[in-house]
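*Asks:* To be precise about what I am sending: the file is called my_file.txt and holds compact mmCIF, C-alpha atoms.
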```txt
# COMPACT_ATOMS: atom_id res chain seq x y z
CA MET A 221 0.00 0.00 0.00
CA GLU A 222 2.76 2.45 0.97
CA ILE A 223 4.58 1.91 -2.34
CA LEU A 224 1.45 2.50 -4.42
CA LEU A 225 0.52 5.56 -2.37
CA ALA A 226 4.02 7.06 -2.80
CA LEU A 227 3.89 6.50 -6.58
CA ALA A 228 0.36 7.95 -6.82
CA ILE A 229 1.41 11.07 -4.90
CA ALA A 230 4.52 11.40 -7.10
CA LEU A 231 2.41 11.27 -10.28
CA PHE A 232 -0.35 13.56 -8.98
CA VAL A 233 1.90 16.27 -7.55
CA GLY A 234 4.16 16.09 -10.61
CA LEU A 235 1.24 16.61 -12.98
CA MET A 236 -0.23 19.47 -10.93
CA LEU A 237 3.11 21.27 -10.71
CA SER A 238 3.57 20.83 -14.46
CA ARG A 239 0.50 23.05 -14.92
CA LEU A 240 2.13 25.77 -12.81
CA ALA A 241 5.35 25.29 -14.78
CA LYS A 242 3.43 25.86 -18.01
CA LEU A 243 2.14 29.18 -16.67
CA ALA A 244 5.72 30.13 -15.81
CA GLN A 245 6.83 28.95 -19.28
CA LEU A 246 9.11 26.30 -17.76
CA PRO A 247 9.58 22.78 -19.20
CA ALA A 248 7.52 20.05 -17.52
CA VAL A 249 10.78 18.23 -16.69
CA THR A 250 11.71 21.03 -14.29
CA ALA A 251 8.34 20.68 -12.53
CA TYR A 252 8.83 16.93 -12.09
CA LEU A 253 12.30 17.43 -10.60
CA ILE A 254 11.01 20.08 -8.19
CA THR A 255 8.19 17.69 -7.26
CA GLY A 256 10.82 15.10 -6.32
CA ILE A 257 12.55 17.62 -4.06
CA LEU A 258 9.25 18.65 -2.41
CA ILE A 259 8.03 15.11 -1.67
CA GLY A 260 11.57 13.82 -1.03
CA PRO A 261 13.50 13.17 2.18
CA TYR A 262 14.41 16.85 2.74
CA VAL A 263 10.86 18.29 2.70
CA LEU A 264 7.69 16.15 2.92
CA GLY A 265 9.72 13.09 3.84
CA GLN A 266 10.76 14.86 7.05
CA LEU A 267 7.31 14.05 8.45
CA GLY A 268 8.30 10.38 8.42
CA VAL A 269 4.84 9.17 7.33
CA PRO A 270 5.26 5.98 5.21
CA GLY A 271 3.70 6.40 1.75
CA LEU A 272 3.43 10.18 2.07
CA GLY A 273 6.31 10.99 -0.25
CA PHE A 274 9.80 9.53 0.17
CA THR A 275 10.85 9.33 3.83
CA SER A 276 14.58 8.63 3.32
CA MET A 277 17.24 8.17 0.65
CA GLU A 278 16.99 4.40 1.21
CA ASN A 279 13.27 4.69 0.45
CA VAL A 280 14.02 6.63 -2.76
CA HIS A 281 16.65 4.07 -3.84
CA SER A 282 14.11 1.26 -3.38
CA PHE A 283 12.39 2.62 -6.51
CA ALA A 284 15.60 2.31 -8.58
CA ILE A 285 14.03 -0.35 -10.82
CA ILE A 286 11.63 2.30 -12.18
CA SER A 287 14.55 4.58 -13.06
CA ASP A 288 16.46 1.70 -14.72
CA VAL A 289 13.47 0.72 -16.84
CA ALA A 290 12.61 4.32 -17.73
CA LEU A 291 16.19 4.97 -18.89
CA GLY A 292 15.92 1.85 -21.04
CA PHE A 293 12.81 3.21 -22.79
CA ILE A 294 14.39 6.66 -23.14
CA ALA A 295 17.46 5.12 -24.78
CA PHE A 296 15.22 2.97 -27.01
CA SER A 297 13.39 6.13 -28.16
CA ILE A 298 16.68 7.92 -28.89
CA GLY A 299 17.75 4.90 -30.96
CA ASN A 300 14.79 5.70 -33.19
CA GLU A 301 16.63 8.88 -34.24
CA PHE A 302 19.38 6.83 -35.92
CA ARG A 303 17.48 6.13 -39.13
CA MET A 304 19.87 5.52 -42.01
CA THR A 305 17.98 7.86 -44.30
CA GLU A 306 18.77 10.77 -41.97
CA LEU A 307 22.21 9.58 -40.84
CA ARG A 308 23.44 9.73 -44.43
CA GLN A 309 22.87 13.49 -44.24
CA ILE A 310 24.11 14.26 -40.70
CA GLY A 311 25.99 11.12 -39.60
CA LYS A 312 29.50 12.43 -40.27
CA GLN A 313 28.80 15.81 -38.66
CA ALA A 314 27.12 14.24 -35.60
CA THR A 315 30.03 11.83 -35.10
CA ILE A 316 32.71 14.52 -35.28
CA ILE A 317 30.79 16.93 -33.03
CA GLY A 318 29.84 14.19 -30.55
CA ILE A 319 33.42 13.01 -30.08
CA PHE A 320 35.12 16.42 -30.20
CA GLN A 321 32.87 18.24 -27.73
CA ALA A 322 33.10 15.37 -25.21
CA VAL A 323 36.92 15.20 -25.39
CA PHE A 324 37.24 19.01 -25.40
CA THR A 325 35.04 19.28 -22.30
CA THR A 326 37.05 16.62 -20.46
CA LEU A 327 40.35 18.34 -21.25
CA LEU A 328 39.07 21.79 -20.26
CA VAL A 329 37.59 20.59 -16.95
CA ASP A 330 40.75 18.59 -16.24
CA ALA A 331 42.92 21.65 -16.88
CA GLY A 332 40.76 23.88 -14.66
CA LEU A 333 40.42 21.44 -11.76
CA ILE A 334 44.07 20.28 -11.85
CA GLY A 335 45.02 23.97 -11.56
CA LEU A 336 42.61 24.27 -8.64
CA HIS A 337 44.20 21.18 -7.06
CA PHE A 338 47.51 23.03 -6.73
CA LEU A 339 45.68 25.86 -4.94
CA MET A 340 43.62 23.50 -2.71
CA PRO A 341 45.62 20.23 -2.55
CA LYS A 342 44.06 19.10 0.74
CA ILE A 343 40.48 19.64 -0.46
CA LEU A 344 40.68 18.55 -4.13
CA PRO A 345 42.99 15.53 -4.60
CA LEU A 346 44.60 15.14 -8.05
CA PRO A 347 42.90 11.76 -8.81
CA ALA A 348 39.50 13.32 -8.06
CA ALA A 349 40.21 16.26 -10.40
CA ILE A 350 41.13 13.87 -13.25
CA VAL A 351 38.01 11.71 -12.78
CA LEU A 352 35.73 14.77 -12.66
CA GLY A 353 37.00 15.80 -16.10
CA ALA A 354 35.64 12.56 -17.56
CA VAL A 355 32.37 12.83 -15.62
CA ALA A 356 31.90 16.26 -17.23
CA SER A 357 31.71 14.70 -20.71
CA ALA A 358 28.38 12.96 -20.00
CA THR A 359 25.09 14.57 -21.07
CA ALA A 360 21.60 13.62 -19.85
CA PRO A 361 19.61 12.15 -22.75
CA ALA A 362 16.40 11.94 -20.70
CA ALA A 363 15.91 15.65 -20.02
CA THR A 364 16.84 16.57 -23.60
CA LEU A 365 14.42 14.06 -25.10
CA MET A 366 11.56 15.19 -22.85
CA VAL A 367 12.00 18.85 -23.83
CA VAL A 368 12.08 17.94 -27.53
CA ARG A 369 8.92 15.85 -27.12
CA GLN A 370 6.98 18.31 -25.00
CA TYR A 371 7.44 21.17 -27.45
CA LYS A 372 7.48 18.99 -30.59
CA ALA A 373 10.74 20.64 -31.65
CA LYS A 374 11.72 20.17 -35.29
CA GLY A 375 14.66 21.50 -37.27
CA PRO A 376 18.40 21.12 -37.92
CA VAL A 377 19.43 21.54 -34.26
CA THR A 378 16.90 18.97 -33.01
CA LYS A 379 17.77 16.53 -35.77
CA ILE A 380 21.48 16.49 -34.91
CA LEU A 381 21.03 16.88 -31.14
CA LEU A 382 19.70 13.43 -30.20
CA PRO A 383 22.32 11.41 -32.16
CA ILE A 384 25.05 13.55 -30.55
CA VAL A 385 23.62 12.97 -27.06
CA ALA A 386 23.61 9.22 -27.73
CA LEU A 387 27.18 9.21 -29.05
CA ASP A 388 28.22 11.49 -26.20
CA ASP A 389 27.44 8.76 -23.65
CA ALA A 390 29.50 6.15 -25.51
CA VAL A 391 32.50 8.50 -25.71
CA GLY A 392 31.95 9.48 -22.07
CA LEU A 393 32.12 5.86 -20.90
CA VAL A 394 35.49 5.40 -22.62
CA LEU A 395 36.87 8.70 -21.30
CA PHE A 396 35.71 7.85 -17.78
CA ALA A 397 37.29 4.39 -17.85
CA ILE A 398 40.62 5.87 -19.01
CA SER A 399 40.53 8.68 -16.41
CA PHE A 400 39.43 6.25 -13.69
CA GLY A 401 42.36 3.97 -14.60
CA VAL A 402 44.80 6.90 -14.39
CA ALA A 403 43.33 7.93 -11.01
CA LYS A 404 43.69 4.36 -9.68
CA ALA A 405 47.32 4.32 -10.84
CA LEU A 406 48.01 7.62 -9.01
CA ILE A 407 46.48 6.24 -5.81
CA SER A 408 47.83 2.69 -5.81
CA GLY A 409 51.07 3.29 -7.72
CA ARG A 410 50.25 0.53 -10.22
CA VAL A 411 49.13 0.93 -13.85
CA ASP A 412 46.41 -1.51 -14.91
CA VAL A 413 46.30 -1.62 -18.73
CA LEU A 414 43.21 -3.86 -18.69
CA SER A 415 41.06 -1.38 -16.79
CA VAL A 416 42.41 1.66 -18.66
CA ILE A 417 42.10 0.42 -22.26
CA VAL A 418 40.60 -3.04 -22.68
CA GLU A 419 37.59 -2.94 -20.32
CA PRO A 420 36.05 0.38 -21.52
CA ILE A 421 36.31 -0.64 -25.18
CA LEU A 422 34.83 -4.04 -24.36
CA GLU A 423 31.92 -2.44 -22.51
CA VAL A 424 31.02 -0.24 -25.47
CA VAL A 425 31.46 -3.01 -28.09
CA LEU A 426 29.57 -5.66 -26.08
CA SER A 427 26.74 -3.23 -25.26
CA LEU A 428 26.29 -2.38 -28.94
CA LEU A 429 26.52 -6.07 -29.90
CA LEU A 430 23.89 -6.99 -27.30
CA GLY A 431 21.57 -4.28 -28.62
CA PHE A 432 22.16 -5.39 -32.22
CA VAL A 433 21.32 -9.05 -31.50
CA MET A 434 18.26 -8.12 -29.43
CA GLY A 435 17.15 -5.74 -32.21
CA LEU A 436 17.27 -8.54 -34.77
CA LEU A 437 15.31 -10.89 -32.47
CA PHE A 438 12.83 -8.15 -31.68
CA THR A 439 12.11 -7.38 -35.33
CA TYR A 440 11.76 -11.10 -36.13
CA CYS A 441 9.32 -11.72 -33.27
CA GLU A 442 7.21 -8.63 -34.04
CA ARG A 443 6.30 -10.05 -37.46
CA PHE A 444 4.28 -12.84 -35.85
CA PHE A 445 1.73 -10.32 -34.56
CA PHE A 446 -0.64 -7.95 -36.33
CA SER A 447 -2.50 -6.52 -33.35
CA ARG A 448 -1.21 -3.10 -32.27
CA SER A 449 -1.58 -3.95 -28.58
CA LYS A 450 0.39 -7.20 -28.95
CA ARG A 451 3.14 -5.51 -30.93
CA LEU A 452 3.30 -2.86 -28.20
CA SER A 453 3.52 -5.57 -25.54
CA MET A 454 6.35 -7.26 -27.44
CA SER A 455 8.21 -3.94 -27.58
CA VAL A 456 7.92 -3.54 -23.82
CA ALA A 457 9.10 -7.12 -23.27
CA PHE A 458 12.25 -6.67 -25.37
CA VAL A 459 13.22 -3.38 -23.72
CA LEU A 460 12.80 -5.01 -20.29
CA VAL A 461 14.88 -8.05 -21.32
CA THR A 462 17.63 -5.84 -22.76
CA VAL A 463 17.77 -3.74 -19.57
CA ALA A 464 17.88 -6.93 -17.46
CA ILE A 465 20.75 -8.47 -19.45
CA SER A 466 22.61 -5.13 -19.36
CA MET A 467 22.70 -5.35 -15.56
CA MET A 468 24.81 -8.52 -15.69
CA LYS A 469 28.45 -8.24 -14.63
CA PHE A 470 31.04 -11.02 -14.65
CA GLU A 471 34.77 -11.62 -14.87
CA ILE A 472 36.73 -13.63 -17.47
CA ALA A 473 40.49 -14.13 -17.16
CA GLY A 474 40.81 -11.12 -14.89
CA ILE A 475 38.82 -8.85 -17.23
CA HIS A 476 35.65 -7.31 -15.79
CA ILE A 477 32.80 -7.59 -18.29
CA GLY A 478 29.83 -5.25 -18.05
CA PHE A 479 27.24 -3.56 -20.25
CA SER A 480 25.72 -0.11 -20.59
CA SER A 481 21.93 -0.36 -20.66
CA LEU A 482 21.79 3.03 -22.39
CA LEU A 483 23.97 1.91 -25.31
CA SER A 484 22.27 -1.50 -25.55
CA CYS A 485 18.76 -0.05 -25.65
CA MET A 486 19.84 2.68 -28.10
CA MET A 487 21.17 0.01 -30.44
CA LEU A 488 17.98 -2.02 -29.93
CA GLY A 489 15.93 0.97 -31.09
CA THR A 490 18.33 1.73 -33.96
CA VAL A 491 18.20 -1.78 -35.41
CA PHE A 492 14.43 -1.98 -35.03
CA CYS A 493 13.68 1.38 -36.67
CA ASN A 494 15.94 0.62 -39.64
CA ILE A 495 14.79 -2.89 -40.57
CA CYS A 496 11.14 -2.93 -39.49
CA ASP A 497 8.69 -1.35 -41.92
CA PHE A 498 6.07 -0.49 -39.27
CA SER A 499 8.50 0.82 -36.62
CA GLU A 500 7.49 4.48 -36.85
CA GLY A 501 3.85 3.94 -35.89
CA LEU A 502 4.79 1.52 -33.13
CA MET A 503 7.37 3.90 -31.66
CA ASP A 504 4.73 6.64 -31.56
CA ARG A 505 2.35 4.42 -29.56
CA LEU A 506 5.16 3.34 -27.24
CA ASP A 507 6.03 6.97 -26.53
CA ARG A 508 2.48 7.61 -25.32
CA TRP A 509 2.43 4.45 -23.17
CA THR A 510 5.64 5.40 -21.35
CA GLY A 511 4.45 8.89 -20.34
CA PRO A 512 3.60 8.10 -16.68
CA MET A 513 6.84 6.12 -16.28
CA PHE A 514 8.92 9.08 -17.46
CA ILE A 515 7.14 11.38 -14.98
CA LEU A 516 7.97 8.96 -12.14
CA PHE A 517 11.57 8.75 -13.38
CA PHE A 518 12.09 12.51 -13.10
CA VAL A 519 10.24 12.79 -9.78
CA ILE A 520 12.43 10.02 -8.33
CA SER A 521 15.51 11.74 -9.84
CA GLY A 522 14.49 14.95 -8.08
CA ALA A 523 14.05 13.10 -4.77
CA GLU A 524 17.56 11.66 -5.15
CA LEU A 525 19.18 15.10 -5.37
CA GLU A 526 21.36 15.66 -2.30
CA LEU A 527 20.56 19.11 -0.93
CA SER A 528 23.09 18.53 1.84
CA VAL A 529 25.95 19.33 -0.56
CA PHE A 530 25.13 23.03 -0.12
CA THR A 531 26.31 22.86 3.50
CA ASN A 532 29.98 22.35 2.49
CA TRP A 533 31.50 25.62 1.22
CA ALA A 534 34.45 23.84 -0.43
CA ILE A 535 32.15 21.57 -2.46
CA VAL A 536 30.09 24.60 -3.52
CA VAL A 537 33.20 26.51 -4.69
CA ILE A 538 34.64 23.53 -6.60
CA GLY A 539 31.16 22.68 -7.92
CA VAL A 540 30.64 26.19 -9.30
CA LEU A 541 34.02 26.07 -11.06
CA TYR A 542 33.24 22.57 -12.39
CA ILE A 543 29.92 23.85 -13.80
CA LEU A 544 31.68 26.86 -15.36
CA PHE A 545 34.44 24.83 -17.04
CA ARG A 546 32.01 22.12 -18.18
CA SER A 547 29.57 24.67 -19.65
CA LEU A 548 32.38 26.40 -21.53
CA GLY A 549 33.67 23.04 -22.76
CA LYS A 550 30.29 21.91 -24.05
CA TYR A 551 29.48 25.23 -25.69
CA PHE A 552 32.78 25.93 -27.38
CA GLY A 553 33.44 22.25 -28.14
CA ALA A 554 30.16 22.04 -30.03
CA THR A 555 30.62 25.45 -31.66
CA ILE A 556 34.16 24.78 -32.92
CA SER A 557 33.35 21.31 -34.29
CA ALA A 558 30.06 22.51 -35.86
CA LYS A 559 31.94 25.26 -37.67
CA ALA A 560 34.62 22.83 -38.81
CA THR A 561 32.00 20.46 -40.28
CA LYS A 562 30.12 23.37 -41.95
CA CYS A 563 26.87 22.84 -40.08
CA ASP A 564 23.78 25.03 -40.29
CA PRO A 565 24.41 28.43 -38.57
CA ASN A 566 21.73 27.66 -35.97
CA ILE A 567 23.53 24.42 -35.05
CA THR A 568 26.79 26.30 -34.62
CA LYS A 569 25.12 28.95 -32.47
CA TYR A 570 22.74 26.96 -30.25
CA LEU A 571 23.79 23.29 -30.12
CA GLY A 572 26.27 23.73 -27.26
CA ILE A 573 23.58 25.13 -24.94
CA THR A 574 21.35 22.08 -25.47
CA LEU A 575 24.15 19.75 -24.30
CA LEU A 576 24.32 21.14 -20.75
CA PRO A 577 21.81 18.86 -18.89
CA GLN A 578 23.55 16.18 -16.83
CA ALA A 579 22.14 13.37 -14.68
CA GLY A 580 21.96 9.56 -14.83
CA VAL A 581 25.20 8.63 -16.62
CA ALA A 582 27.22 11.13 -14.59
CA LEU A 583 25.73 9.82 -11.34
CA GLY A 584 26.62 6.27 -12.39
CA MET A 585 30.21 7.38 -12.96
CA ALA A 586 30.27 9.13 -9.58
CA LEU A 587 28.98 5.99 -7.89
CA LYS A 588 31.84 3.98 -9.37
CA ALA A 589 34.31 6.70 -8.39
CA LYS A 590 33.33 6.19 -4.74
CA THR A 591 35.53 3.08 -4.75
CA LEU A 592 38.68 5.19 -5.23
CA GLY A 593 39.12 5.54 -1.49
CA ASP A 594 39.28 1.75 -1.11
CA LEU A 595 42.41 1.65 -3.31
CA VAL A 596 44.63 3.76 -1.03
CA PRO A 597 47.54 1.53 0.15
CA LEU A 598 47.34 0.88 3.89
CA GLU A 599 51.12 1.22 4.26
CA LEU A 600 50.77 4.91 3.30
CA LEU A 601 49.12 5.47 6.68
CA ALA A 602 52.46 4.77 8.37
CA THR A 603 54.73 6.65 5.92
CA ASP A 604 52.55 9.67 5.08
CA PRO A 605 49.33 9.83 7.16
CA GLU A 606 48.28 13.24 5.80
CA LYS A 607 48.45 12.06 2.18
CA TYR A 608 46.59 8.90 3.19
CA LYS A 609 43.71 10.96 4.62
CA ILE A 610 43.56 13.21 1.52
CA LEU A 611 43.48 10.30 -0.95
CA LEU A 612 40.87 8.57 1.17
CA THR A 613 38.43 11.40 0.32
CA CYS A 614 38.79 11.08 -3.50
CA GLY A 615 35.60 9.11 -4.08
CA THR A 616 33.53 11.31 -1.76
CA VAL A 617 34.80 14.51 -3.43
CA VAL A 618 33.90 13.24 -6.92
CA SER A 619 30.48 12.09 -5.72
CA ASN A 620 29.58 15.33 -3.90
CA ILE A 621 30.70 17.65 -6.70
CA THR A 622 28.81 15.56 -9.26
CA LEU A 623 25.68 15.66 -7.07
CA PHE A 624 25.99 19.44 -6.74
CA ALA A 625 26.41 19.90 -10.50
CA VAL A 626 23.55 17.52 -11.33
CA LEU A 627 21.26 19.42 -8.96
CA VAL A 628 22.02 22.70 -10.76
CA TYR A 629 22.04 21.27 -14.30
CA GLU A 630 18.83 19.29 -13.89
CA LEU A 631 16.91 22.34 -12.70
CA VAL A 632 18.43 24.83 -15.17
CA GLY A 633 19.43 22.61 -18.12
CA PRO A 634 15.96 21.79 -19.51
CA LEU A 635 15.01 25.49 -19.49
CA LEU A 636 18.22 26.42 -21.35
CA THR A 637 17.53 23.66 -23.89
CA LYS A 638 14.04 25.02 -24.44
CA ILE A 639 15.34 28.60 -24.86
CA ALA A 640 18.05 27.47 -27.31
CA LEU A 641 15.55 25.56 -29.45
CA GLN A 642 13.17 28.54 -29.38
CA LYS A 643 15.94 30.91 -30.48
CA ALA A 644 16.77 28.47 -33.28
CA GLY A 645 13.14 28.68 -34.41
CA GLU A 646 12.48 24.97 -33.81
CA ILE A 647 9.78 25.40 -31.15
CA GLN A 648 6.61 27.13 -32.23
CA PRO A 649 5.33 29.95 -29.97
CA GLU A 650 2.34 27.91 -28.80
CA GLY A 651 4.56 25.01 -27.67
CA ALA A 652 2.98 21.58 -27.47
CA THR A 653 -0.40 21.15 -29.11
CA ASN A 654 -3.27 21.11 -26.64
CA ALA A 655 -5.06 17.73 -26.55
CA ARG A 656 -8.48 19.43 -26.20
CA VAL A 657 -7.87 21.47 -29.36
CA GLU A 658 -6.87 18.29 -31.20
CA ASP A 659 -10.10 16.56 -30.11
CA LYS A 660 -12.23 19.53 -31.19
CA ASN A 661 -10.52 19.62 -34.59
CA LYS A 662 -11.11 15.90 -35.09
CA LYS A 663 -14.82 16.25 -34.24
CA ALA A 664 -15.14 19.24 -36.55
CA ALA A 665 -13.52 17.29 -39.38
CA GLN A 666 -16.02 14.45 -38.90
```
Could you spell out this file's structure in structure tokens?
*Replies:*
Amino acid sequence: MEILLALAIALFVGLMLSRLAKLAQLPAVTAYLITGILIGPYVLGQLGVPGLGFTSMENVHSFAIISDVALGFIAFSIGNEFRMTELRQIGKQATIIGIFQAVFTTLLVDAGLIGLHFLMPKILPLPAAIVLGAVASATAPAATLMVVRQYKAKGPVTKILLPIVALDDAVGLVLFAISFGVAKALISGRVDVLSVIVEPILEVVLSLLLGFVMGLLFTYCERFFFSRSKRLSMSVAFVLVTVAISMMKFEIAGIHIGFSSLLSCMMLGTVFCNICDFSEGLMDRLDRWTGPMFILFFVISGAELELSVFTNWAIVVIGVLYILFRSLGKYFGATISAKATKCDPNITKYLGITLLPQAGVALGMALKAKTLGDLVPLELLATDPEKYKILLTCGTVVSNITLFAVLVYELVGPLLTKIALQKAGEIQPEGATNARVEDKNKKAAQ
């Protein structure tokens, strides 16, 4: 009962606040995130009434399966943007921009934070600064997709945006694995080639291979059904199976094997939309079916935001600088590469702003970075106790700064994306079409 009540309150409050957000001309995503904060552990949850919002972070994390599944469907929808007919026109540009802006952002954030490390060596350890550079490369596909959908954005910027966001996560995973390997080497004094080079490449390749195989099976199985509802059910089943398999982790000959559910589900959607002749209509119906799940995803994401990070002045200072360097990296990285590939002027001018949102992938990286403290050699405690204590905080520093940045980016990022797409002329003044108007028009036509 408590679980159902919490989910019902999350949906209801999220929807009601989205109406207020519309009056304030804010994206619905922002309203859902604020809803999560309001019914989360720091506000309504303080009452401690089970079912009346989220009473603790443990309570919020118990709904993680909803977030995992929602991200799978979001990635599947983004995969639908990789249609070969369109990729022939923008594929080369999207690839160059996607890789360049991610690498440029990582290098710029690394340079800024490593410089800050020399000013604040006891507060920002060098391994943490290096890992944060890679975390900065990740962009949140969920918030971007929801803004595009809500306002039915169409145009050159929108067309190239979603493929870049998808590619951005693949590049980000590789950059993070390399940076994480370098950080581990700085802490432990040992260089592990497997974790720095082999494992990240394997994760990307195996994730894409899993999505490709599942996409072929999905398309084959769909042809046995002609009912729209059964085809929709089959779609849901394959996304769930792909997400489930992506959660598997195992070790072979000392190599850690894992998958990215985002990449796997993106490839699932890509294969399906390119080889199935009725994919477009089915994807449209699936988008409508997943609406409530996406609202819950963003409300839960809002509840997960750690407001406590504001109590540490050092984290706030480093977090502000991280946000500044990352924003500059995304903007100028996208602008420089868009100019180099001779993109549409609107792409060159506005694309960088739409790449600012950051959430799920970055938080996943930060969670893995928490293990950095476990790698500090115990013998260092005897030889250099001060250095031991500083290195011990690496994982916590990365996690807290990422949480601070995600909190800011998730609340501000969707609005900036909306403004950029409006300035590019890809969102009409009236925004999303009103469902009541659509119904009246249909009745009038009949």
*Asks:* Just the residues within 9 Å of Thr568 in chain A, please, counting only C-alpha atoms, with nothing from its chain fewer than 2 positions along; format it as JSON, numbers by chain.
*Replies:* {"A": [377, 554, 555, 556, 557, 558, 559, 562, 563, 564, 565, 566, 570, 571, 572]}
*Asks:* With C-alpha atoms retained, could you export that selection as a CSV table (one decimal), keeping the file's coordinate frame?
*Replies:*
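Everything below was put into out_7.csv:
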```csv
chain,number,residue,atom,x,y,z
A,377,VAL,CA,19.4,21.5,-34.3
A,554,ALA,CA,30.2,22.0,-30.0
A,555,THR,CA,30.6,25.4,-31.7
A,556,ILE,CA,34.2,24.8,-32.9
A,557,SER,CA,33.4,21.3,-34.3
A,558,ALA,CA,30.1,22.5,-35.9
A,559,LYS,CA,31.9,25.3,-37.7
A,562,LYS,CA,30.1,23.4,-42.0
A,563,CYS,CA,26.9,22.8,-40.1
A,564,ASP,CA,23.8,25.0,-40.3
A,565,PRO,CA,24.4,28.4,-38.6
A,566,ASN,CA,21.7,27.7,-36.0
A,570,TYR,CA,22.7,27.0,-30.2
A,571,LEU,CA,23.8,23.3,-30.1
A,572,GLY,CA,26.3,23.7,-27.3
```
*Asks:* At a cut-off of 8 Å, using only C-alpha atoms, what residues contact Thr315 in chain A? Leave out same-chain residues fewer than 3 positions from it and give the result as a compact mmCIF listing (two decimals) with C-alpha atoms, keeping the file's coordinate frame.
*Replies:*
```
# COMPACT_ATOMS: atom_id res chain seq x y z
CA GLY A 311 25.99 11.12 -39.60
CA LYS A 312 29.50 12.43 -40.27
CA GLY A 318 29.84 14.19 -30.55
CA ILE A 319 33.42 13.01 -30.08
CA ILE A 384 25.05 13.55 -30.55
CA LEU A 387 27.18 9.21 -29.05
```
*Asks:* Of the candidates A:Glu423, A:Asp388, A:Glu500, A:Glu442, which one gets nearest to Phe479 in chain A if we count all atoms listed in the file?
*Replies:*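 Looking at the shortest contact to Phe479 in chain A, the residue is A:Glu423.
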*Asks:* Within 7 Å of (26.7, 25.5, -12.9) (file coordinates; only C-alpha atoms), which protein or nucleic acid residues are there? I'd like them as a list in words.
*Replies:*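 Looking at atoms near the point gives Val540, Ile543, Leu544, Ala625, Val628 and Tyr629 of chain A.
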*Asks:* Can you pull out the residues contacting Leu382 in chain A? Cut-off 9 Å, using all atoms listed in the file, and skip same-chain residues under 4 positions away; I want them as an MDAnalysis selection string.
*Replies:* chainID A and resid 298:299 301:302 361 364:365 378 386:387
*Asks:* Which distance in Å separates CA of Phe514 in chain A and CA of Arg448 in chain A, to one decimal?
*Replies:*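 Computing the Euclidean distance for CA of Phe514 in chain A and CA of Arg448 in chain A yields 21.7 Å.
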*Asks:* Which one is closest to Leu635 in chain A: A:Val289, A:Val368, A:Ala464, A:Leu344? Count all atoms listed in the file.
*Replies:*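 Closest candidate: A:Val368.
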*Asks:* Just to confirm, what's the straight-line distance from CA of Ala314 in chain A to CA of Ile567 in chain A in Å (one decimal)?
*Replies:*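 One can read the CA of Ala314 in chain A to CA of Ile567 in chain A distance as 10.8 Å.
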*Asks:* Mind checking which residues fall within 10 Å of Leu336 in chain A, counting only C-alpha atoms, ignoring those fewer than 6 positions away in the same chain, and posting them as an mmCIF file with C-alpha atoms, in the coordinates of the input?
*Replies:*
```cif
data_model
loop_
_atom_site.group_PDB
_atom_site.id
_atom_site.type_symbol
_atom_site.label_atom_id
_atom_site.label_comp_id
_atom_site.auth_asym_id
_atom_site.auth_seq_id
_atom_site.Cartn_x
_atom_site.Cartn_y
_atom_site.Cartn_z
ATOM 1 C CA ASP A 330 40.750 18.590 -16.240
ATOM 2 C CA ILE A 343 40.480 19.640 -0.460
ATOM 3 C CA LEU A 344 40.680 18.550 -4.130
ATOM 4 C CA PRO A 345 42.990 15.530 -4.600
ATOM 5 C CA LEU A 346 44.600 15.140 -8.050
ATOM 6 C CA ALA A 349 40.210 16.260 -10.400
ATOM 7 C CA ILE A 538 34.640 23.530 -6.600
ATOM 8 C CA LEU A 541 34.020 26.070 -11.060
#
```
*Asks:* Find the distance between CA of Glu222 in chain A and CA of Leu272 in chain A and write it in Å to one decimal.
*Replies:* 7.8 Å
*Asks:* Choose the residue, out of A:Phe296, A:Met366, A:Thr574, A:Val329, that has the smallest atom-to-atom separation from Phe518 in chain A; count only C-alpha atoms.
*Replies:*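 Among the listed residues, A:Met366 lies closest to Phe518 in chain A.
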*Asks:* Pick from A:Pro261, A:Gly392, A:Pro577, A:Gly268: nearest to Lys638 in chain A, with all atoms listed in the file counted?
*Replies:*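 Using all atoms listed in the file, the shortest distance to Lys638 in chain A belongs to A:Pro577.
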*Asks:* Which of these, A:Ile310, A:Met467, A:Ile407, A:Leu246, has the shortest distance to Ile380 in chain A once you count only C-alpha atoms?
*Replies:*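 Selected residue with least distance to Ile380 in chain A: A:Ile310.
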*Asks:* Pick the closest to Gly549 in chain A from A:Val249, A:Met513, A:Ala331, A:Ile254: which is it, counting all atoms listed in the file?
*Replies:*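 The shortest atom-to-atom distance to Gly549 in chain A comes from A:Ala331.
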*Asks:* Near Leu482 in chain A, within 12 Å and counting only C-alpha atoms, which residues show up once chain neighbours fewer than 2 positions away are dropped, as a ChimeraX atom specification?
*Replies:* /A:287-299,360-362,385-390,393,423-424,427-428,430-431,459,462-467,479-480,484-489,580-581,584
*Asks:* Please determine an axis-aligned box that encloses all atoms of range 517-534 of chain A listed in the file, with 4 Å added on each side, and express its centre and edge lengths in Å to one decimal as JSON.
*Replies:*
```
{"center_x": 22.3, "center_y": 17.2, "center_z": -4.9, "size_x": 32.2, "size_y": 24.9, "size_z": 24.9}
```
